[in-house]
$ cat work_33.cif   # mmCIF, C-alpha atoms (C1' of nucleotides)
data_coords
loop_
_atom_site.group_PDB
_atom_site.id
_atom_site.type_symbol
_atom_site.label_atom_id
_atom_site.label_comp_id
_atom_site.auth_asym_id
_atom_site.auth_seq_id
_atom_site.Cartn_x
_atom_site.Cartn_y
_atom_site.Cartn_z
ATOM 1 C CA MET Y 13 84.058 109.981 138.934
ATOM 2 C CA THR Y 14 84.865 109.054 135.367
ATOM 3 C CA LYS Y 15 88.148 107.740 134.022
ATOM 4 C CA LYS Y 16 90.404 110.480 132.792
ATOM 5 C CA ARG Y 17 90.674 110.344 129.034
ATOM 6 C CA ASP Y 18 92.462 113.583 128.465
ATOM 7 C CA LEU Y 19 95.730 113.203 126.666
ATOM 8 C CA ASN Y 20 98.469 115.708 127.204
ATOM 9 C CA ASP Y 21 101.132 116.402 124.623
ATOM 10 C CA ALA Y 22 103.726 114.146 126.208
ATOM 11 C CA ALA Y 23 101.319 111.218 126.175
ATOM 12 C CA LEU Y 24 100.350 111.900 122.575
ATOM 13 C CA GLU Y 25 104.010 111.950 121.617
ATOM 14 C CA MET Y 26 104.699 108.630 123.336
ATOM 15 C CA ILE Y 27 101.729 106.939 121.729
ATOM 16 C CA ALA Y 28 102.555 108.397 118.327
ATOM 17 C CA SER Y 29 106.124 107.135 118.688
ATOM 18 C CA ARG Y 30 104.942 103.615 119.205
ATOM 19 C CA PHE Y 31 102.835 103.822 116.067
ATOM 20 C CA ARG Y 32 105.756 105.347 114.197
ATOM 21 C CA LEU Y 33 107.794 102.328 115.213
ATOM 22 C CA MET Y 34 105.221 100.114 113.516
ATOM 23 C CA SER Y 35 104.840 102.280 110.447
ATOM 24 C CA GLU Y 36 107.713 100.809 108.481
ATOM 25 C CA PRO Y 37 107.027 97.706 106.343
ATOM 26 C CA MET Y 38 110.556 96.426 106.854
ATOM 27 C CA ARG Y 39 110.209 96.591 110.622
ATOM 28 C CA LEU Y 40 106.880 94.780 110.460
ATOM 29 C CA LYS Y 41 108.529 92.154 108.324
ATOM 30 C CA ILE Y 42 111.318 91.736 110.849
ATOM 31 C CA LEU Y 43 108.871 91.519 113.733
ATOM 32 C CA HIS Y 44 106.728 88.934 112.007
ATOM 33 C CA THR Y 45 109.742 86.893 111.061
ATOM 34 C CA LEU Y 46 110.947 87.049 114.655
ATOM 35 C CA GLY Y 47 107.470 86.094 115.758
ATOM 36 C CA GLU Y 48 108.077 82.561 114.560
ATOM 37 C CA ARG Y 49 111.223 82.059 116.587
ATOM 38 C CA GLU Y 50 114.342 83.740 117.909
ATOM 39 C CA MET Y 51 116.793 84.502 115.099
ATOM 40 C CA ASN Y 52 120.206 86.064 114.615
ATOM 41 C CA VAL Y 53 120.988 88.895 112.250
ATOM 42 C CA THR Y 54 122.326 86.735 109.436
ATOM 43 C CA GLU Y 55 119.170 84.639 109.478
ATOM 44 C CA LEU Y 56 117.062 87.766 109.391
ATOM 45 C CA VAL Y 57 119.036 89.139 106.490
ATOM 46 C CA ALA Y 58 118.386 85.907 104.606
ATOM 47 C CA ALA Y 59 114.715 85.780 105.596
ATOM 48 C CA THR Y 60 113.954 89.370 104.644
ATOM 49 C CA GLY Y 61 116.231 89.793 101.676
ATOM 50 C CA ALA Y 62 117.369 93.153 102.990
ATOM 51 C CA ASN Y 63 120.823 94.580 103.389
ATOM 52 C CA GLN Y 64 122.677 93.788 106.638
ATOM 53 C CA ALA Y 65 123.262 97.386 107.653
ATOM 54 C CA ASN Y 66 119.595 98.108 107.227
ATOM 55 C CA ILE Y 67 118.507 95.134 109.300
ATOM 56 C CA SER Y 68 120.954 96.081 112.031
ATOM 57 C CA LYS Y 69 119.647 99.603 112.094
ATOM 58 C CA HIS Y 70 116.032 98.496 112.361
ATOM 59 C CA LEU Y 71 116.914 95.984 115.051
ATOM 60 C CA GLY Y 72 118.622 98.742 116.994
ATOM 61 C CA ILE Y 73 115.493 100.865 116.761
ATOM 62 C CA LEU Y 74 113.263 97.982 117.837
ATOM 63 C CA TYR Y 75 115.625 97.200 120.695
ATOM 64 C CA GLU Y 76 115.699 100.801 121.915
ATOM 65 C CA ALA Y 77 111.916 100.829 121.856
ATOM 66 C CA GLY Y 78 111.900 97.713 124.016
ATOM 67 C CA VAL Y 79 109.981 95.418 121.727
ATOM 68 C CA VAL Y 80 112.799 92.941 121.081
ATOM 69 C CA SER Y 81 115.581 91.542 123.271
ATOM 70 C CA ARG Y 82 119.189 90.777 122.389
ATOM 71 C CA ARG Y 83 121.239 87.725 123.303
ATOM 72 C CA LYS Y 84 124.840 87.463 122.249
ATOM 73 C CA GLU Y 85 126.246 84.020 121.521
ATOM 74 C CA GLY Y 86 129.744 83.935 120.075
ATOM 75 C CA LEU Y 87 129.776 86.063 116.989
ATOM 76 C CA ALA Y 88 126.045 85.939 116.515
ATOM 77 C CA VAL Y 89 123.455 88.171 118.156
ATOM 78 C CA HIS Y 90 120.039 86.617 118.611
ATOM 79 C CA TYR Y 91 116.909 88.709 118.698
ATOM 80 C CA LYS Y 92 113.492 87.833 120.044
ATOM 81 C CA VAL Y 93 110.179 89.673 120.337
ATOM 82 C CA THR Y 94 109.426 90.569 123.941
ATOM 83 C CA ASP Y 95 106.365 92.734 123.418
ATOM 84 C CA GLU Y 96 103.456 90.626 122.262
ATOM 85 C CA THR Y 97 101.124 93.583 121.997
ATOM 86 C CA ILE Y 98 102.862 94.209 118.676
ATOM 87 C CA PHE Y 99 100.956 91.304 117.201
ATOM 88 C CA GLU Y 100 97.749 92.342 118.870
ATOM 89 C CA LEU Y 101 98.054 95.735 117.172
ATOM 90 C CA CYS Y 102 98.709 94.146 113.794
ATOM 91 C CA ASP Y 103 95.720 91.845 114.222
ATOM 92 C CA VAL Y 104 93.398 94.724 115.009
ATOM 93 C CA VAL Y 105 94.611 96.658 111.983
ATOM 94 C CA CYS Y 106 94.412 93.612 109.761
ATOM 95 C CA SER Y 107 90.822 92.772 110.689
ATOM 96 C CA ARG Y 108 89.796 96.361 110.261
ATOM 97 C CA LEU Y 109 91.333 96.578 106.804
ATOM 98 C CA LYS Y 110 89.656 93.353 105.793
ATOM 99 C CA SER Y 111 86.201 94.429 106.901
ATOM 100 C CA HIS Y 112 86.761 97.764 105.225
ATOM 101 C CA PHE Y 113 87.369 96.046 101.907
ATOM 102 C CA ASP Y 114 84.469 93.657 102.488
ATOM 103 C CA LEU Y 115 82.123 96.591 102.939
ATOM 104 C CA ARG Y 116 83.365 98.343 99.841
ATOM 105 C CA ARG Y 117 82.949 95.171 97.873
ATOM 106 C CA LEU Y 118 79.362 94.765 99.055
ATOM 107 C CA ALA Y 119 78.614 98.318 97.972
ATOM 108 C CA LEU Y 120 79.195 97.342 94.359
ATOM 109 C CA PRO Y 121 76.193 96.247 92.278
ATOM 110 C CA ASP Y 122 75.678 92.625 91.230
ATOM 111 C CA VAL Y 123 76.682 91.752 87.682
ATOM 112 C CA MET P 12 95.509 73.127 108.260
ATOM 113 C CA THR P 13 96.766 76.185 110.047
ATOM 114 C CA LYS P 14 95.739 79.779 109.478
ATOM 115 C CA LYS P 15 97.912 81.563 106.994
ATOM 116 C CA ARG P 16 100.061 84.108 108.796
ATOM 117 C CA ASP P 17 102.383 84.934 105.981
ATOM 118 C CA LEU P 18 102.421 88.584 105.113
ATOM 119 C CA ASN P 19 103.259 89.652 101.619
ATOM 120 C CA ASP P 20 104.699 93.031 100.801
ATOM 121 C CA ALA P 21 101.378 94.579 99.820
ATOM 122 C CA ALA P 22 99.846 93.566 103.136
ATOM 123 C CA LEU P 23 102.825 94.874 105.060
ATOM 124 C CA GLU P 24 102.528 98.170 103.248
ATOM 125 C CA MET P 25 98.816 98.489 104.034
ATOM 126 C CA ILE P 26 99.316 97.703 107.697
ATOM 127 C CA ALA P 27 102.290 100.040 107.951
ATOM 128 C CA SER P 28 100.219 102.795 106.345
ATOM 129 C CA ARG P 29 97.587 102.495 108.992
ATOM 130 C CA PHE P 30 100.220 102.794 111.701
ATOM 131 C CA ARG P 31 101.771 105.740 109.865
ATOM 132 C CA LEU P 32 98.381 107.400 109.966
ATOM 133 C CA MET P 33 98.437 107.110 113.755
ATOM 134 C CA SER P 34 102.048 108.173 114.135
ATOM 135 C CA GLU P 35 101.414 111.900 114.213
ATOM 136 C CA PRO P 36 100.591 113.517 117.585
ATOM 137 C CA MET P 37 98.425 116.147 115.940
ATOM 138 C CA ARG P 38 96.320 113.504 114.213
ATOM 139 C CA LEU P 39 95.914 111.611 117.477
ATOM 140 C CA LYS P 40 94.846 114.827 119.122
ATOM 141 C CA ILE P 41 92.275 115.443 116.410
ATOM 142 C CA LEU P 42 90.957 111.903 116.649
ATOM 143 C CA HIS P 43 90.619 112.056 120.414
ATOM 144 C CA THR P 44 88.929 115.413 120.233
ATOM 145 C CA LEU P 45 86.527 114.043 117.637
ATOM 146 C CA GLY P 46 86.015 111.030 119.855
ATOM 147 C CA GLU P 47 83.939 113.149 122.196
ATOM 148 C CA ARG P 48 81.540 114.375 119.556
ATOM 149 C CA GLU P 49 81.203 115.417 115.931
ATOM 150 C CA MET P 50 82.886 118.760 115.294
ATOM 151 C CA ASN P 51 83.497 121.175 112.457
ATOM 152 C CA VAL P 52 86.873 122.486 111.374
ATOM 153 C CA THR P 53 86.655 125.769 113.237
ATOM 154 C CA GLU P 54 85.855 123.975 116.461
ATOM 155 C CA LEU P 55 88.768 121.640 115.918
ATOM 156 C CA VAL P 56 91.103 124.534 115.259
ATOM 157 C CA ALA P 57 90.005 126.071 118.554
ATOM 158 C CA ALA P 58 90.207 122.785 120.443
ATOM 159 C CA THR P 59 93.660 121.873 119.214
ATOM 160 C CA GLY P 60 95.256 125.282 118.980
ATOM 161 C CA ALA P 61 96.678 124.411 115.580
ATOM 162 C CA ASN P 62 96.640 126.342 112.335
ATOM 163 C CA GLN P 63 93.586 125.894 110.097
ATOM 164 C CA ALA P 64 95.538 124.794 107.037
ATOM 165 C CA ASN P 65 97.233 122.149 109.108
ATOM 166 C CA ILE P 66 93.994 120.839 110.584
ATOM 167 C CA SER P 67 92.381 120.702 107.164
ATOM 168 C CA LYS P 68 95.305 118.801 105.793
ATOM 169 C CA HIS P 69 95.221 116.237 108.590
ATOM 170 C CA LEU P 70 91.467 115.873 108.261
ATOM 171 C CA GLY P 71 91.909 115.219 104.567
ATOM 172 C CA ILE P 72 94.422 112.504 105.324
ATOM 173 C CA LEU P 73 92.152 110.936 107.938
ATOM 174 C CA TYR P 74 89.227 111.111 105.552
ATOM 175 C CA GLU P 75 91.151 109.476 102.723
ATOM 176 C CA ALA P 76 92.153 106.710 105.101
ATOM 177 C CA GLY P 77 88.497 106.183 105.947
ATOM 178 C CA VAL P 78 88.678 106.772 109.687
ATOM 179 C CA VAL P 79 86.506 109.905 109.734
ATOM 180 C CA SER P 80 83.430 110.952 107.791
ATOM 181 C CA ARG P 81 82.500 114.358 106.414
ATOM 182 C CA ARG P 82 79.152 116.117 106.558
ATOM 183 C CA LYS P 83 78.716 119.483 104.951
ATOM 184 C CA GLU P 84 76.255 121.871 106.505
ATOM 185 C CA GLY P 85 76.230 125.341 105.025
ATOM 186 C CA LEU P 86 79.722 126.702 105.190
ATOM 187 C CA ALA P 87 80.797 124.330 107.900
ATOM 188 C CA VAL P 88 82.099 120.819 107.408
ATOM 189 C CA HIS P 89 81.500 118.434 110.281
ATOM 190 C CA TYR P 90 83.789 115.513 110.931
ATOM 191 C CA LYS P 91 83.165 112.390 112.938
ATOM 192 C CA VAL P 92 85.180 109.277 113.740
ATOM 193 C CA THR P 93 83.821 106.251 111.920
ATOM 194 C CA ASP P 94 86.525 103.747 112.756
ATOM 195 C CA GLU P 95 86.399 102.863 116.418
ATOM 196 C CA THR P 96 89.369 100.521 116.166
ATOM 197 C CA ILE P 97 91.435 103.712 116.310
ATOM 198 C CA PHE P 98 90.675 103.952 120.010
ATOM 199 C CA GLU P 99 91.235 100.267 120.543
ATOM 200 C CA LEU P 100 94.729 100.674 119.092
ATOM 201 C CA CYS P 101 95.471 103.648 121.316
ATOM 202 C CA ASP P 102 94.260 101.766 124.367
ATOM 203 C CA VAL P 103 96.512 98.801 123.643
ATOM 204 C CA VAL P 104 99.514 101.071 123.179
ATOM 205 C CA CYS P 105 98.670 103.079 126.259
ATOM 206 C CA SER P 106 98.381 100.040 128.539
ATOM 207 C CA ARG P 107 101.571 98.628 127.168
ATOM 208 C CA LEU P 108 103.479 101.849 127.792
ATOM 209 C CA LYS P 109 102.128 102.053 131.310
ATOM 210 C CA SER P 110 103.125 98.523 132.243
ATOM 211 C CA HIS P 111 106.512 99.131 130.668
ATOM 212 C CA PHE P 112 107.112 102.065 132.982
ATOM 213 C CA ASP P 113 105.705 100.158 135.952
ATOM 214 C CA LEU P 114 108.213 97.384 135.378
ATOM 215 C CA ARG P 115 111.130 99.775 135.054
ATOM 216 C CA ARG P 116 110.108 101.509 138.243
ATOM 217 C CA LEU P 117 109.948 98.213 140.132
ATOM 218 C CA ALA P 118 113.452 97.388 138.932
ATOM 219 C CA LEU P 119 114.843 100.304 140.935
ATOM 220 C CA PRO P 120 116.110 99.622 144.471
ATOM 221 C CA ASP P 121 114.220 100.770 147.567
ATOM 222 C CA VAL P 122 115.518 103.931 149.196
ATOM 223 C "C1'" DA J 15 149.782 87.588 115.442
ATOM 224 C "C1'" DC J 16 146.786 87.198 111.518
ATOM 225 C "C1'" DC J 17 142.629 86.108 109.031
ATOM 226 C "C1'" DT J 18 137.722 85.457 108.831
ATOM 227 C "C1'" DT J 19 133.038 86.143 110.166
ATOM 228 C "C1'" DA J 20 129.098 88.602 112.373
ATOM 229 C "C1'" DT J 21 127.287 92.751 113.756
ATOM 230 C "C1'" DA J 22 127.190 97.754 114.625
ATOM 231 C "C1'" DT J 23 128.191 102.358 113.286
ATOM 232 C "C1'" DT J 24 129.255 106.251 110.346
ATOM 233 C "C1'" DA J 25 128.452 109.222 106.603
ATOM 234 C "C1'" DC J 26 125.806 110.222 102.809
ATOM 235 C "C1'" DT J 27 121.854 110.580 99.538
ATOM 236 C "C1'" DA J 28 117.156 110.448 98.423
ATOM 237 C "C1'" DT J 29 112.560 110.812 99.733
ATOM 238 C "C1'" DA J 30 108.622 111.940 102.472
ATOM 239 C "C1'" DT J 31 106.070 114.890 105.217
ATOM 240 C "C1'" DC J 32 104.864 118.444 108.730
ATOM 241 C "C1'" DG J 33 103.764 123.204 109.658
ATOM 242 C "C1'" DG J 34 102.355 127.477 107.937
ATOM 243 C "C1'" DG J 35 101.595 131.579 104.764
ATOM 244 C "C1'" DA J 36 99.149 132.716 100.782
ATOM 245 C "C1'" DT J 37 95.491 131.816 97.912
ATOM 246 C "C1'" DA J 38 91.380 129.573 95.844
ATOM 247 C "C1'" DT J 39 86.750 128.009 96.316
ATOM 248 C "C1'" DA J 40 82.157 127.435 98.031
ATOM 249 C "C1'" DG J 41 78.378 128.959 100.636
ATOM 250 C "C1'" DT J 42 75.746 132.828 102.970
ATOM 251 C "C1'" DA J 43 73.992 137.343 103.753
ATOM 252 C "C1'" DT J 44 72.915 142.068 102.487
ATOM 253 C "C1'" DA L 26 76.889 141.909 92.586
ATOM 254 C "C1'" DT L 27 79.607 142.495 96.716
ATOM 255 C "C1'" DA L 28 81.353 141.321 101.050
ATOM 256 C "C1'" DC L 29 82.188 137.951 104.355
ATOM 257 C "C1'" DT L 30 83.111 133.321 106.381
ATOM 258 C "C1'" DA L 31 84.614 128.496 106.440
ATOM 259 C "C1'" DT L 32 87.302 125.218 104.410
ATOM 260 C "C1'" DA L 33 90.550 123.237 101.098
ATOM 261 C "C1'" DT L 34 94.606 123.568 98.400
ATOM 262 C "C1'" DC L 35 99.162 125.167 96.725
ATOM 263 C "C1'" DC L 36 103.733 125.999 97.635
ATOM 264 C "C1'" DC L 37 107.883 125.871 100.210
ATOM 265 C "C1'" DG L 38 111.333 125.648 103.931
ATOM 266 C "C1'" DA L 39 112.671 122.679 107.530
ATOM 267 C "C1'" DT L 40 113.176 118.259 109.281
ATOM 268 C "C1'" DA L 41 113.139 113.308 109.730
ATOM 269 C "C1'" DT L 42 114.276 108.940 108.265
ATOM 270 C "C1'" DA L 43 115.026 104.849 105.056
ATOM 271 C "C1'" DG L 44 118.509 102.585 102.463
ATOM 272 C "C1'" DT L 45 123.325 101.719 101.509
ATOM 273 C "C1'" DA L 46 128.437 101.652 100.896
ATOM 274 C "C1'" DA L 47 132.338 101.886 103.614
ATOM 275 C "C1'" DT L 48 134.363 101.235 107.858
ATOM 276 C "C1'" DA L 49 134.840 99.910 112.731
ATOM 277 C "C1'" DT L 50 134.452 96.568 116.305
ATOM 278 C "C1'" DA L 51 134.289 92.211 118.411
ATOM 279 C "C1'" DA L 52 134.738 87.259 118.666
ATOM 280 C "C1'" DG L 53 136.735 82.889 116.996
ATOM 281 C "C1'" DG L 54 139.732 79.989 114.435
ATOM 282 C "C1'" DT L 55 144.439 78.799 112.611
#
$ encode --input "work_33.cif" --output "structure tokens"
Amino acid sequence: MTKKRDLNDAALEMIASRFRLMSEPMRLKILHTLGEREMNVTELVAATGANQANISKHLGILYEAGVVSRRKEGLAVHYKVTDETIFELCDVVCSRLKSHFDLRRLALPDV
Amino acid sequence: MTKKRDLNDAALEMIASRFRLMSEPMRLKILHTLGEREMNVTELVAATGANQANISKHLGILYEAGVVSRRKEGLAVHYKVTDETIFELCDVVCSRLKSHFDLRRLALPDV
DNA sequence: ACCTTATATTACTATATCGGGATATAGTAT
DNA sequence: ATACTATATCCCGATATAGTAATATAAGGT
């Protein structure tokens, strides 16, 4: 018997949601910044150059989705990436985009 | 010297766009249906149960993004997936979601 | 108690985009 | 030429969501 590959609507919605989570440049920026090391909100605001309310909102979204964890220490709240597949996904996309451009470049005639 | 992992805004935007492409359940449904075999628009409309205008629009988006190819044959236009990394991405997300739920389930007490 | 700092939340605006009806266009058949 | 079919496109209402200013909340210091 073969592996079931049929995707029902609920599954499609869950998978799409994960991609939607990754579809915002600012969230990718936050995730990649957090990839280096755990950081608090103020550090992230400085590192990304974005507004504090915006960073907090994105962090809340990432937290709800379970890809980052929170750790409160005094006034500061430290965030850390807990889902490493995030980076795996970005790597796959990145390689694909690169080879796509390589191919297009090769299609052009020599000068 | 270490590999450069810094992502500029243009790169972030390109990567986010690819994820945005995958963030729509209907597009995922189309891609998985096309994963089985090449199909024309009418077949896709039947297979997905969606409206023709909607399917055409999504196919146009997928085509522009370079993940499907077009082949015109008489009145019909046949589409085919040309970017297999699409499925790799879905698989990564799917496994991750499964293990996430497995962990949450294990966290619950025995009855 | 009061002030300051760090973070989250609320309320709002602006923008993007999905779904779908109507229509245009291209190809085929008679 | 006319009629028909398959697909793409235009337009629009409905909805979602990013960014942001203002405000609330929570923790610490004086």
$ interface_residues --input "work_33.cif" --of "chain P" --to "chain J" --cutoff "12 Å" --atoms "all atoms listed in the file" --output "PyMOL selection string"
chain P and resi 31-32+34-38+61-69+72+83-88
$ atom_distance --input "work_33.cif" --atom1 "CA of Lys40 (chain P)" --atom2 "CA of Leu73 (chain P)"
12.1 Å
$ interface_residues --input "work_33.cif" --of "chain P" --to "chain Y" --cutoff "7 Å" --atoms "only C-alpha atoms" --output "list of chain:residue names"
P:Leu23, P:Glu24, P:Ile26, P:Ala27, P:Ser28, P:Phe30, P:Arg31, P:Met33, P:Ser34, P:Glu35, P:Pro36, P:Leu39, P:Leu100, P:Val104, P:Cys105
$ atom_distance --input "work_33.cif" --atom1 "CA of His90 (chain Y)" --atom2 "CA of Asp113 (chain P)"
26.3 Å
$ interface_residues --input "work_33.cif" --of "chain L" --to "chain P" --cutoff "12 Å" --atoms "all atoms listed in the file" --output "PyMOL selection string"
chain L and resi 29-35
$ atom_distance --input "work_33.cif" --atom1 "CA of Ser81 (chain Y)" --atom2 "CA of Leu114 (chain P)"
15.3 Å
$ decode --input "work_33.cif" --residues "chain L" --atoms "C-alpha atoms (C1' of nucleotides)" --output "CSV table (one decimal), in the first residue's frame"
chain,number,residue,atom,x,y,z
L,26,DA,C1',-19.1,33.8,-41.4
L,27,DT,C1',-21.3,31.8,-37.3
L,28,DA,C1',-21.5,29.2,-33.3
L,29,DC,C1',-19.2,27.0,-29.7
L,30,DT,C1',-15.6,26.0,-26.2
L,31,DA,C1',-11.6,26.9,-23.3
L,32,DT,C1',-9.0,30.1,-21.1
L,33,DA,C1',-7.6,34.7,-19.6
L,34,DT,C1',-8.7,39.2,-18.0
L,35,DC,C1',-11.3,43.1,-16.0
L,36,DC,C1',-13.7,44.9,-12.3
L,37,DC,C1',-15.3,45.0,-7.7
L,38,DG,C1',-16.9,43.8,-3.0
L,39,DA,C1',-15.2,41.7,1.0
L,40,DT,C1',-11.5,40.6,3.9
L,41,DA,C1',-7.0,40.3,5.9
L,42,DT,C1',-3.0,42.3,7.6
L,43,DA,C1',1.1,45.5,8.0
L,44,DG,C1',2.6,49.6,10.1
L,45,DT,C1',2.1,53.1,13.6
L,46,DA,C1',0.6,56.4,17.3
L,47,DA,C1',-1.3,56.3,21.6
L,48,DT,C1',-2.1,53.9,25.7
L,49,DA,C1',-1.9,50.2,29.1
L,50,DT,C1',0.7,47.1,31.8
L,51,DA,C1',4.4,45.4,34.4
L,52,DA,C1',8.9,45.5,36.7
L,53,DG,C1',12.6,48.1,38.9
L,54,DG,C1',14.8,52.0,40.9
L,55,DT,C1',14.8,56.2,44.0
